[in-house]
file final.cif (mmCIF, N, CA and C atoms)
data_final
loop_
_atom_site.label_atom_id
_atom_site.label_comp_id
_atom_site.auth_asym_id
_atom_site.auth_seq_id
_atom_site.Cartn_x
_atom_site.Cartn_y
_atom_site.Cartn_z
N MET Y 1 -16.54 45.18 -37.60
CA MET Y 1 -16.33 46.28 -38.52
C MET Y 1 -16.20 45.71 -39.93
N SER Y 2 -17.01 46.21 -40.84
CA SER Y 2 -16.97 45.72 -42.21
C SER Y 2 -16.10 46.63 -43.07
N ILE Y 3 -15.60 46.07 -44.13
CA ILE Y 3 -14.78 46.83 -45.07
C ILE Y 3 -15.70 47.58 -46.01
N GLN Y 4 -15.48 48.90 -46.11
CA GLN Y 4 -16.29 49.72 -46.98
C GLN Y 4 -15.76 49.66 -48.41
N PRO Y 5 -16.65 49.58 -49.39
CA PRO Y 5 -16.19 49.61 -50.78
C PRO Y 5 -15.63 51.00 -51.12
N VAL Y 6 -14.65 51.03 -52.00
CA VAL Y 6 -14.00 52.28 -52.40
C VAL Y 6 -14.00 52.36 -53.92
N ASP Y 7 -14.44 53.48 -54.46
CA ASP Y 7 -14.36 53.75 -55.88
C ASP Y 7 -13.02 54.44 -56.11
N VAL Y 8 -11.99 53.69 -56.41
CA VAL Y 8 -10.61 54.19 -56.49
C VAL Y 8 -10.44 55.15 -57.66
N THR Y 9 -9.91 56.36 -57.37
CA THR Y 9 -9.64 57.33 -58.43
C THR Y 9 -8.14 57.55 -58.63
N TYR Y 10 -7.33 57.07 -57.70
CA TYR Y 10 -5.88 57.20 -57.81
C TYR Y 10 -5.23 56.07 -57.02
N THR Y 11 -4.15 55.53 -57.55
CA THR Y 11 -3.38 54.51 -56.85
C THR Y 11 -1.91 54.92 -56.82
N ALA Y 12 -1.36 55.02 -55.62
CA ALA Y 12 0.07 55.30 -55.46
C ALA Y 12 0.82 53.97 -55.51
N ILE Y 13 1.95 53.98 -56.19
CA ILE Y 13 2.74 52.76 -56.33
C ILE Y 13 4.17 53.08 -55.91
N ALA Y 14 4.68 52.31 -54.97
CA ALA Y 14 6.07 52.46 -54.52
C ALA Y 14 6.68 51.08 -54.34
N THR Y 15 7.95 50.99 -54.61
CA THR Y 15 8.67 49.73 -54.50
C THR Y 15 9.85 49.91 -53.56
N ALA Y 16 10.01 48.96 -52.65
CA ALA Y 16 11.13 48.97 -51.71
C ALA Y 16 12.15 47.92 -52.12
N GLU Y 17 13.42 48.27 -51.96
CA GLU Y 17 14.52 47.33 -52.17
C GLU Y 17 15.28 47.22 -50.85
N ASN Y 18 15.51 46.03 -50.38
CA ASN Y 18 16.26 45.76 -49.15
C ASN Y 18 15.58 46.27 -47.89
N GLY Y 19 14.27 46.38 -47.91
CA GLY Y 19 13.50 46.71 -46.71
C GLY Y 19 13.94 47.98 -46.02
N ARG Y 20 14.15 47.88 -44.70
CA ARG Y 20 14.49 49.04 -43.87
C ARG Y 20 15.92 49.53 -44.09
N ASP Y 21 16.69 48.85 -44.87
CA ASP Y 21 18.08 49.25 -45.10
C ASP Y 21 18.35 49.25 -46.60
N GLY Y 22 17.63 50.12 -47.30
CA GLY Y 22 17.75 50.13 -48.76
C GLY Y 22 17.23 51.39 -49.39
N ARG Y 23 16.21 51.24 -50.22
CA ARG Y 23 15.70 52.35 -51.01
C ARG Y 23 14.22 52.14 -51.26
N VAL Y 24 13.47 53.24 -51.33
CA VAL Y 24 12.06 53.21 -51.69
C VAL Y 24 11.85 54.24 -52.79
N ALA Y 25 11.13 53.84 -53.84
CA ALA Y 25 10.87 54.76 -54.95
C ALA Y 25 9.45 54.58 -55.46
N SER Y 26 8.85 55.71 -55.88
CA SER Y 26 7.54 55.64 -56.51
C SER Y 26 7.72 55.32 -57.99
N ASP Y 27 6.66 54.80 -58.58
CA ASP Y 27 6.75 54.40 -59.99
C ASP Y 27 6.94 55.57 -60.93
N ASP Y 28 6.53 56.78 -60.50
CA ASP Y 28 6.67 57.95 -61.37
C ASP Y 28 7.98 58.72 -61.12
N GLY Y 29 8.78 58.25 -60.17
CA GLY Y 29 10.07 58.87 -59.91
C GLY Y 29 10.05 60.10 -59.02
N THR Y 30 8.88 60.55 -58.57
CA THR Y 30 8.85 61.75 -57.74
C THR Y 30 9.33 61.48 -56.32
N LEU Y 31 9.30 60.23 -55.89
CA LEU Y 31 9.83 59.85 -54.58
C LEU Y 31 10.90 58.81 -54.80
N ASP Y 32 12.08 59.07 -54.30
CA ASP Y 32 13.19 58.13 -54.41
C ASP Y 32 14.12 58.40 -53.24
N VAL Y 33 13.98 57.62 -52.18
CA VAL Y 33 14.73 57.90 -50.96
C VAL Y 33 15.46 56.68 -50.44
N VAL Y 34 16.59 56.95 -49.81
CA VAL Y 34 17.34 55.93 -49.08
C VAL Y 34 16.64 55.75 -47.74
N VAL Y 35 16.45 54.48 -47.36
CA VAL Y 35 15.88 54.19 -46.05
C VAL Y 35 16.89 53.42 -45.22
N ASN Y 36 17.00 53.83 -43.98
CA ASN Y 36 17.85 53.16 -43.00
C ASN Y 36 17.15 53.16 -41.66
N PRO Y 37 17.36 52.12 -40.87
CA PRO Y 37 16.78 52.15 -39.54
C PRO Y 37 17.35 53.31 -38.73
N PRO Y 38 16.53 53.88 -37.83
CA PRO Y 38 17.06 54.94 -36.96
C PRO Y 38 18.09 54.36 -35.99
N LYS Y 39 18.91 55.21 -35.44
CA LYS Y 39 19.92 54.76 -34.48
C LYS Y 39 19.30 54.02 -33.31
N GLU Y 40 18.08 54.45 -32.90
CA GLU Y 40 17.40 53.83 -31.77
C GLU Y 40 17.04 52.36 -32.03
N LEU Y 41 17.00 51.98 -33.31
CA LEU Y 41 16.71 50.60 -33.68
C LEU Y 41 17.95 49.89 -34.21
N GLY Y 42 19.11 50.47 -33.93
CA GLY Y 42 20.37 49.83 -34.32
C GLY Y 42 20.87 50.17 -35.70
N GLY Y 43 20.27 51.13 -36.35
CA GLY Y 43 20.69 51.51 -37.70
C GLY Y 43 21.62 52.70 -37.71
N SER Y 44 21.97 53.11 -38.91
CA SER Y 44 22.86 54.26 -39.07
C SER Y 44 22.12 55.58 -38.90
N GLY Y 45 20.82 55.57 -39.18
CA GLY Y 45 20.04 56.79 -39.11
C GLY Y 45 20.36 57.77 -40.21
N GLU Y 46 21.05 57.34 -41.25
CA GLU Y 46 21.50 58.25 -42.32
C GLU Y 46 20.43 58.52 -43.37
N GLY Y 47 19.45 57.67 -43.49
CA GLY Y 47 18.37 57.91 -44.44
C GLY Y 47 17.09 58.17 -43.69
N THR Y 48 16.00 58.20 -44.41
CA THR Y 48 14.71 58.29 -43.74
C THR Y 48 14.31 56.88 -43.32
N ASN Y 49 13.17 56.74 -42.69
CA ASN Y 49 12.71 55.41 -42.29
C ASN Y 49 11.20 55.33 -42.50
N PRO Y 50 10.66 54.12 -42.50
CA PRO Y 50 9.23 53.96 -42.78
C PRO Y 50 8.33 54.75 -41.82
N GLU Y 51 8.74 54.90 -40.57
CA GLU Y 51 7.92 55.63 -39.62
C GLU Y 51 7.86 57.12 -39.98
N GLN Y 52 8.95 57.68 -40.44
CA GLN Y 52 8.94 59.09 -40.89
C GLN Y 52 8.06 59.25 -42.13
N LEU Y 53 8.12 58.30 -43.03
CA LEU Y 53 7.29 58.37 -44.23
C LEU Y 53 5.81 58.26 -43.86
N PHE Y 54 5.49 57.38 -42.91
CA PHE Y 54 4.11 57.23 -42.45
C PHE Y 54 3.64 58.51 -41.76
N ALA Y 55 4.51 59.10 -40.92
CA ALA Y 55 4.17 60.35 -40.23
C ALA Y 55 3.91 61.47 -41.24
N ALA Y 56 4.72 61.54 -42.28
CA ALA Y 56 4.54 62.57 -43.30
C ALA Y 56 3.21 62.40 -44.02
N GLY Y 57 2.90 61.18 -44.43
CA GLY Y 57 1.65 60.92 -45.12
C GLY Y 57 0.44 61.16 -44.24
N TYR Y 58 0.50 60.69 -42.99
CA TYR Y 58 -0.64 60.84 -42.09
C TYR Y 58 -0.89 62.31 -41.78
N SER Y 59 0.18 63.07 -41.49
CA SER Y 59 -0.03 64.48 -41.15
C SER Y 59 -0.60 65.26 -42.33
N ALA Y 60 -0.14 64.99 -43.54
CA ALA Y 60 -0.66 65.68 -44.72
C ALA Y 60 -2.12 65.31 -44.97
N CYS Y 61 -2.44 64.04 -44.87
CA CYS Y 61 -3.81 63.58 -45.08
C CYS Y 61 -4.74 64.16 -44.02
N PHE Y 62 -4.29 64.14 -42.75
CA PHE Y 62 -5.12 64.65 -41.66
C PHE Y 62 -5.35 66.15 -41.81
N GLN Y 63 -4.34 66.88 -42.25
CA GLN Y 63 -4.49 68.33 -42.47
C GLN Y 63 -5.58 68.59 -43.52
N SER Y 64 -5.60 67.77 -44.56
CA SER Y 64 -6.64 67.91 -45.58
C SER Y 64 -8.02 67.59 -45.01
N ALA Y 65 -8.12 66.55 -44.20
CA ALA Y 65 -9.40 66.19 -43.58
C ALA Y 65 -9.85 67.31 -42.64
N LEU Y 66 -8.91 67.92 -41.96
CA LEU Y 66 -9.23 69.06 -41.09
C LEU Y 66 -9.84 70.20 -41.92
N GLY Y 67 -9.30 70.44 -43.08
CA GLY Y 67 -9.85 71.46 -43.98
C GLY Y 67 -11.27 71.14 -44.41
N VAL Y 68 -11.54 69.88 -44.68
CA VAL Y 68 -12.88 69.46 -45.09
C VAL Y 68 -13.89 69.75 -43.99
N VAL Y 69 -13.57 69.34 -42.76
CA VAL Y 69 -14.54 69.54 -41.67
C VAL Y 69 -14.63 71.01 -41.27
N ALA Y 70 -13.54 71.75 -41.37
CA ALA Y 70 -13.55 73.18 -41.02
C ALA Y 70 -14.44 73.96 -41.98
N ARG Y 71 -14.38 73.63 -43.27
CA ARG Y 71 -15.23 74.31 -44.24
C ARG Y 71 -16.71 74.09 -43.95
N LYS Y 72 -17.05 72.89 -43.51
CA LYS Y 72 -18.46 72.57 -43.22
C LYS Y 72 -19.01 73.42 -42.09
N VAL Y 73 -18.17 73.75 -41.10
CA VAL Y 73 -18.65 74.53 -39.95
C VAL Y 73 -18.16 75.98 -40.00
N LYS Y 74 -17.54 76.33 -41.14
CA LYS Y 74 -17.04 77.69 -41.36
C LYS Y 74 -16.03 78.14 -40.30
N ALA Y 75 -15.13 77.21 -39.93
CA ALA Y 75 -14.06 77.53 -38.98
C ALA Y 75 -12.83 77.97 -39.75
N ASP Y 76 -12.13 78.96 -39.24
CA ASP Y 76 -10.93 79.48 -39.88
C ASP Y 76 -9.71 78.68 -39.41
N ILE Y 77 -9.15 77.87 -40.31
CA ILE Y 77 -7.96 77.10 -39.95
C ILE Y 77 -6.71 77.63 -40.66
N THR Y 78 -6.78 78.88 -41.11
CA THR Y 78 -5.63 79.51 -41.75
C THR Y 78 -4.42 79.43 -40.82
N GLY Y 79 -3.30 79.04 -41.35
CA GLY Y 79 -2.07 78.97 -40.56
C GLY Y 79 -1.98 77.76 -39.65
N SER Y 80 -2.90 76.82 -39.79
CA SER Y 80 -2.87 75.63 -38.93
C SER Y 80 -1.79 74.66 -39.40
N THR Y 81 -1.34 73.83 -38.47
CA THR Y 81 -0.38 72.77 -38.78
C THR Y 81 -0.82 71.49 -38.08
N VAL Y 82 -0.44 70.37 -38.66
CA VAL Y 82 -0.67 69.07 -38.04
C VAL Y 82 0.67 68.33 -38.01
N THR Y 83 1.03 67.88 -36.83
CA THR Y 83 2.26 67.11 -36.64
C THR Y 83 1.89 65.70 -36.23
N ALA Y 84 2.46 64.72 -36.91
CA ALA Y 84 2.24 63.32 -36.56
C ALA Y 84 3.52 62.76 -35.95
N GLU Y 85 3.39 62.16 -34.79
CA GLU Y 85 4.50 61.47 -34.15
C GLU Y 85 4.19 59.98 -34.21
N VAL Y 86 5.00 59.24 -34.95
CA VAL Y 86 4.78 57.80 -35.10
C VAL Y 86 5.85 57.07 -34.31
N GLY Y 87 5.39 56.30 -33.33
CA GLY Y 87 6.30 55.50 -32.51
C GLY Y 87 6.27 54.05 -32.94
N ILE Y 88 7.41 53.38 -32.78
CA ILE Y 88 7.49 51.95 -33.06
C ILE Y 88 8.15 51.28 -31.86
N GLY Y 89 7.66 50.12 -31.52
CA GLY Y 89 8.23 49.39 -30.40
C GLY Y 89 7.71 47.97 -30.37
N LYS Y 90 8.22 47.21 -29.43
CA LYS Y 90 7.84 45.80 -29.31
C LYS Y 90 6.49 45.66 -28.63
N THR Y 91 5.73 44.69 -29.09
CA THR Y 91 4.44 44.36 -28.49
C THR Y 91 4.65 43.25 -27.46
N PRO Y 92 3.69 43.05 -26.56
CA PRO Y 92 3.82 41.97 -25.58
C PRO Y 92 3.96 40.59 -26.22
N GLU Y 93 3.43 40.44 -27.43
CA GLU Y 93 3.52 39.15 -28.13
C GLU Y 93 4.88 38.91 -28.78
N GLY Y 94 5.76 39.92 -28.75
CA GLY Y 94 7.09 39.77 -29.31
C GLY Y 94 7.28 40.36 -30.70
N GLY Y 95 6.21 40.87 -31.30
CA GLY Y 95 6.33 41.52 -32.60
C GLY Y 95 6.57 43.02 -32.41
N PHE Y 96 6.30 43.77 -33.45
CA PHE Y 96 6.44 45.23 -33.38
C PHE Y 96 5.10 45.88 -33.65
N GLY Y 97 4.88 47.04 -33.05
CA GLY Y 97 3.64 47.78 -33.25
C GLY Y 97 3.92 49.26 -33.35
N LEU Y 98 2.91 50.00 -33.76
CA LEU Y 98 3.01 51.45 -33.93
C LEU Y 98 2.05 52.18 -33.00
N THR Y 99 2.40 53.42 -32.69
CA THR Y 99 1.49 54.35 -32.04
C THR Y 99 1.55 55.65 -32.83
N VAL Y 100 0.48 56.42 -32.77
CA VAL Y 100 0.46 57.71 -33.46
C VAL Y 100 -0.10 58.76 -32.51
N ALA Y 101 0.57 59.90 -32.45
CA ALA Y 101 0.06 61.07 -31.76
C ALA Y 101 -0.06 62.18 -32.79
N LEU Y 102 -1.28 62.67 -32.99
CA LEU Y 102 -1.51 63.78 -33.91
C LEU Y 102 -1.73 65.03 -33.07
N ARG Y 103 -0.93 66.04 -33.36
CA ARG Y 103 -1.00 67.31 -32.63
C ARG Y 103 -1.24 68.42 -33.64
N ALA Y 104 -2.27 69.22 -33.38
CA ALA Y 104 -2.61 70.29 -34.32
C ALA Y 104 -2.56 71.64 -33.63
N SER Y 105 -2.06 72.60 -34.35
CA SER Y 105 -2.10 74.00 -33.92
C SER Y 105 -3.05 74.72 -34.88
N ILE Y 106 -4.13 75.26 -34.30
CA ILE Y 106 -5.14 75.97 -35.11
C ILE Y 106 -5.31 77.34 -34.46
N PRO Y 107 -4.54 78.33 -34.92
CA PRO Y 107 -4.45 79.60 -34.20
C PRO Y 107 -5.72 80.44 -34.12
N HIS Y 108 -6.66 80.28 -35.04
CA HIS Y 108 -7.82 81.18 -35.08
C HIS Y 108 -9.08 80.62 -34.43
N VAL Y 109 -8.95 79.51 -33.70
CA VAL Y 109 -10.10 78.96 -32.97
C VAL Y 109 -9.68 78.64 -31.54
N ASP Y 110 -10.65 78.59 -30.63
CA ASP Y 110 -10.33 78.24 -29.25
C ASP Y 110 -10.02 76.74 -29.15
N ARG Y 111 -9.43 76.34 -28.02
CA ARG Y 111 -8.98 74.96 -27.85
C ARG Y 111 -10.14 73.95 -27.96
N ALA Y 112 -11.29 74.25 -27.39
CA ALA Y 112 -12.43 73.33 -27.45
C ALA Y 112 -12.89 73.13 -28.90
N THR Y 113 -12.95 74.20 -29.65
CA THR Y 113 -13.33 74.10 -31.07
C THR Y 113 -12.27 73.32 -31.84
N ALA Y 114 -11.02 73.60 -31.54
CA ALA Y 114 -9.92 72.88 -32.21
C ALA Y 114 -10.01 71.38 -31.94
N GLN Y 115 -10.26 71.00 -30.69
CA GLN Y 115 -10.35 69.59 -30.34
C GLN Y 115 -11.55 68.95 -31.05
N ASP Y 116 -12.66 69.66 -31.14
CA ASP Y 116 -13.83 69.16 -31.85
C ASP Y 116 -13.52 68.95 -33.33
N LEU Y 117 -12.82 69.90 -33.93
CA LEU Y 117 -12.43 69.76 -35.34
C LEU Y 117 -11.53 68.54 -35.53
N LEU Y 118 -10.61 68.32 -34.60
CA LEU Y 118 -9.72 67.15 -34.70
C LEU Y 118 -10.53 65.85 -34.64
N GLU Y 119 -11.47 65.78 -33.72
CA GLU Y 119 -12.30 64.57 -33.59
C GLU Y 119 -13.08 64.33 -34.88
N LYS Y 120 -13.61 65.38 -35.47
CA LYS Y 120 -14.37 65.24 -36.72
C LYS Y 120 -13.45 64.86 -37.88
N ALA Y 121 -12.26 65.46 -37.94
CA ALA Y 121 -11.30 65.11 -38.99
C ALA Y 121 -10.87 63.65 -38.87
N HIS Y 122 -10.78 63.18 -37.64
CA HIS Y 122 -10.38 61.78 -37.38
C HIS Y 122 -11.40 60.80 -37.95
N GLN Y 123 -12.65 61.23 -38.09
CA GLN Y 123 -13.68 60.38 -38.67
C GLN Y 123 -13.63 60.40 -40.20
N VAL Y 124 -13.04 61.44 -40.77
CA VAL Y 124 -13.01 61.65 -42.23
C VAL Y 124 -11.71 61.15 -42.86
N CYS Y 125 -10.60 61.32 -42.18
CA CYS Y 125 -9.27 61.04 -42.74
C CYS Y 125 -9.10 59.55 -43.11
N PRO Y 126 -8.70 59.25 -44.34
CA PRO Y 126 -8.49 57.86 -44.73
C PRO Y 126 -7.42 57.14 -43.89
N TYR Y 127 -6.37 57.84 -43.47
CA TYR Y 127 -5.36 57.22 -42.62
C TYR Y 127 -5.98 56.84 -41.27
N SER Y 128 -6.81 57.72 -40.72
CA SER Y 128 -7.48 57.43 -39.45
C SER Y 128 -8.41 56.23 -39.60
N GLN Y 129 -9.11 56.18 -40.71
CA GLN Y 129 -10.00 55.05 -40.94
C GLN Y 129 -9.22 53.74 -41.05
N ALA Y 130 -8.05 53.80 -41.69
CA ALA Y 130 -7.24 52.60 -41.86
C ALA Y 130 -6.61 52.12 -40.55
N THR Y 131 -6.31 53.05 -39.66
CA THR Y 131 -5.65 52.67 -38.40
C THR Y 131 -6.63 52.41 -37.27
N ARG Y 132 -7.86 52.85 -37.39
CA ARG Y 132 -8.85 52.74 -36.31
C ARG Y 132 -9.01 51.29 -35.87
N GLY Y 133 -8.84 51.07 -34.58
CA GLY Y 133 -8.98 49.73 -34.03
C GLY Y 133 -7.73 48.88 -34.17
N ASN Y 134 -6.71 49.42 -34.83
CA ASN Y 134 -5.47 48.67 -35.05
C ASN Y 134 -4.30 49.21 -34.23
N ILE Y 135 -4.23 50.53 -34.10
CA ILE Y 135 -3.16 51.16 -33.34
C ILE Y 135 -3.73 52.31 -32.52
N GLU Y 136 -3.02 52.65 -31.47
CA GLU Y 136 -3.43 53.77 -30.64
C GLU Y 136 -3.14 55.08 -31.36
N VAL Y 137 -4.16 55.92 -31.51
CA VAL Y 137 -4.01 57.25 -32.10
C VAL Y 137 -4.57 58.26 -31.12
N THR Y 138 -3.74 59.21 -30.69
CA THR Y 138 -4.20 60.27 -29.80
C THR Y 138 -4.25 61.58 -30.57
N LEU Y 139 -5.21 62.43 -30.19
CA LEU Y 139 -5.42 63.72 -30.85
C LEU Y 139 -5.27 64.82 -29.82
N THR Y 140 -4.43 65.81 -30.12
CA THR Y 140 -4.21 66.91 -29.18
C THR Y 140 -4.23 68.23 -29.93
N ALA Y 141 -5.03 69.16 -29.43
CA ALA Y 141 -5.04 70.53 -29.96
C ALA Y 141 -4.13 71.37 -29.09
N ASP Y 142 -3.14 72.01 -29.71
CA ASP Y 142 -2.21 72.88 -28.99
C ASP Y 142 -2.85 74.22 -28.71
#
call {"tool": "encode", "arguments": {"input": "final.cif", "output": "structure tokens"}}
result
Amino acid sequence: MSIQPVDVTYTAIATAENGRDGRVASDDGTLDVVVNPPKELGGSGEGTNPEQLFAAGYSACFQSALGVVARKVKADITGSTVTAEVGIGKTPEGGFGLTVALRASIPHVDRATAQDLLEKAHQVCPYSQATRGNIEVTLTAD
């Protein structure tokens, strides 16, 4: 798999202090959050965590990609939602890895059409392109 060139039109910038037990902020100040490990990983669970931030970004990006492919085939995705579940755990090699489950509710189309739209959005979404071949991503139409 080769790396595709990108004509960058926007760059997001965020800085973390103290990793998983600190703070993350964007350079423009619109994002400024306390991060703490979840209780399941031995943390306090009092702030957000990188997996929640990744789930938020992936679900928003995938919803937009869904809109792009739906417009091409004139499918009505009004009232649709995309939920991303990001799991973290140990790999057999002793490191940590991620999994993603994307679940979409698209009320105005049948399940087969919804699943087809998800598969097409998965080809368009930049998050899907970045994770392809690196982590397990499952797609489910509710």
call {"tool": "resolve_selection", "arguments": {"input": "final.cif", "expression": "the PyMOL selection byres ((chain Y and resi 85-99) around 6.5)", "output": "JSON, numbers by chain"}}
result
{"Y": [51, 55, 83, 84, 100, 101, 102, 103, 135, 136, 137]}
call {"tool": "select_by_dssp", "arguments": {"input": "final.cif", "residues": "segment 33-124 of chain Y", "states": "strand (DSSP E or B)", "output": "PyMOL selection string"}}
result
chain Y and resi 33-35+48+81-90+96-105
call {"tool": "atom_distance", "arguments": {"input": "final.cif", "atom1": "atom N of Gln63 of chain Y", "atom2": "atom N of Ser128 of chain Y"}}
result
9.6 Å
call {"tool": "atom_distance", "arguments": {"input": "final.cif", "atom1": "atom C of Glu40 of chain Y", "atom2": "atom N of Gln52 of chain Y"}}
result
12.8 Å
call {"tool": "atom_distance", "arguments": {"input": "final.cif", "atom1": "atom CA of Glu17 of chain Y", "atom2": "atom CA of Val34 of chain Y"}}
result
9.6 Å
call {"tool": "build_atoms", "arguments": {"input": "final.cif", "residues": "segment 79-87 of chain Y", "atoms": "all heavy atoms", "output": "CSV table (one decimal), keeping the file's coordinate frame"}}
result
chain,number,residue,atom,x,y,z
Y,79,GLY,N,-3.3,79.0,-41.4
Y,79,GLY,CA,-2.1,79.0,-40.6
Y,79,GLY,C,-2.0,77.8,-39.6
Y,79,GLY,O,-1.1,77.7,-38.8
Y,80,SER,N,-2.9,76.8,-39.8
Y,80,SER,CA,-2.9,75.6,-38.9
Y,80,SER,C,-1.8,74.7,-39.4
Y,80,SER,O,-1.4,74.7,-40.6
Y,80,SER,CB,-4.2,74.9,-38.9
Y,80,SER,OG,-4.5,74.4,-40.2
Y,81,THR,N,-1.3,73.8,-38.5
Y,81,THR,CA,-0.4,72.8,-38.8
Y,81,THR,C,-0.8,71.5,-38.1
Y,81,THR,O,-1.5,71.5,-37.0
Y,81,THR,CB,1.0,73.1,-38.3
Y,81,THR,OG1,1.0,73.3,-36.9
Y,81,THR,CG2,1.6,74.3,-39.0
Y,82,VAL,N,-0.4,70.4,-38.7
Y,82,VAL,CA,-0.7,69.1,-38.0
Y,82,VAL,C,0.7,68.3,-38.0
Y,82,VAL,O,1.3,68.2,-39.0
Y,82,VAL,CB,-1.7,68.2,-38.8
Y,82,VAL,CG1,-1.8,66.8,-38.2
Y,82,VAL,CG2,-3.1,68.9,-38.8
Y,83,THR,N,1.0,67.9,-36.8
Y,83,THR,CA,2.3,67.1,-36.6
Y,83,THR,C,1.9,65.7,-36.2
Y,83,THR,O,1.1,65.5,-35.3
Y,83,THR,CB,3.1,67.8,-35.5
Y,83,THR,OG1,3.5,69.1,-35.9
Y,83,THR,CG2,4.4,67.0,-35.3
Y,84,ALA,N,2.5,64.7,-36.9
Y,84,ALA,CA,2.2,63.3,-36.6
Y,84,ALA,C,3.5,62.8,-36.0
Y,84,ALA,O,4.6,62.9,-36.5
Y,84,ALA,CB,1.9,62.5,-37.8
Y,85,GLU,N,3.4,62.2,-34.8
Y,85,GLU,CA,4.5,61.5,-34.2
Y,85,GLU,C,4.2,60.0,-34.2
Y,85,GLU,O,3.2,59.5,-33.6
Y,85,GLU,CB,4.6,61.9,-32.7
Y,85,GLU,CG,4.9,63.4,-32.5
Y,85,GLU,CD,5.0,63.8,-31.1
Y,85,GLU,OE1,5.0,63.0,-30.2
Y,85,GLU,OE2,5.0,65.0,-30.9
Y,86,VAL,N,5.0,59.2,-35.0
Y,86,VAL,CA,4.8,57.8,-35.1
Y,86,VAL,C,5.8,57.1,-34.3
Y,86,VAL,O,7.0,57.2,-34.5
Y,86,VAL,CB,4.8,57.4,-36.6
Y,86,VAL,CG1,4.7,55.9,-36.7
Y,86,VAL,CG2,3.7,58.1,-37.4
Y,87,GLY,N,5.4,56.3,-33.3
Y,87,GLY,CA,6.3,55.5,-32.5
Y,87,GLY,C,6.3,54.0,-32.9
Y,87,GLY,O,5.3,53.6,-33.4
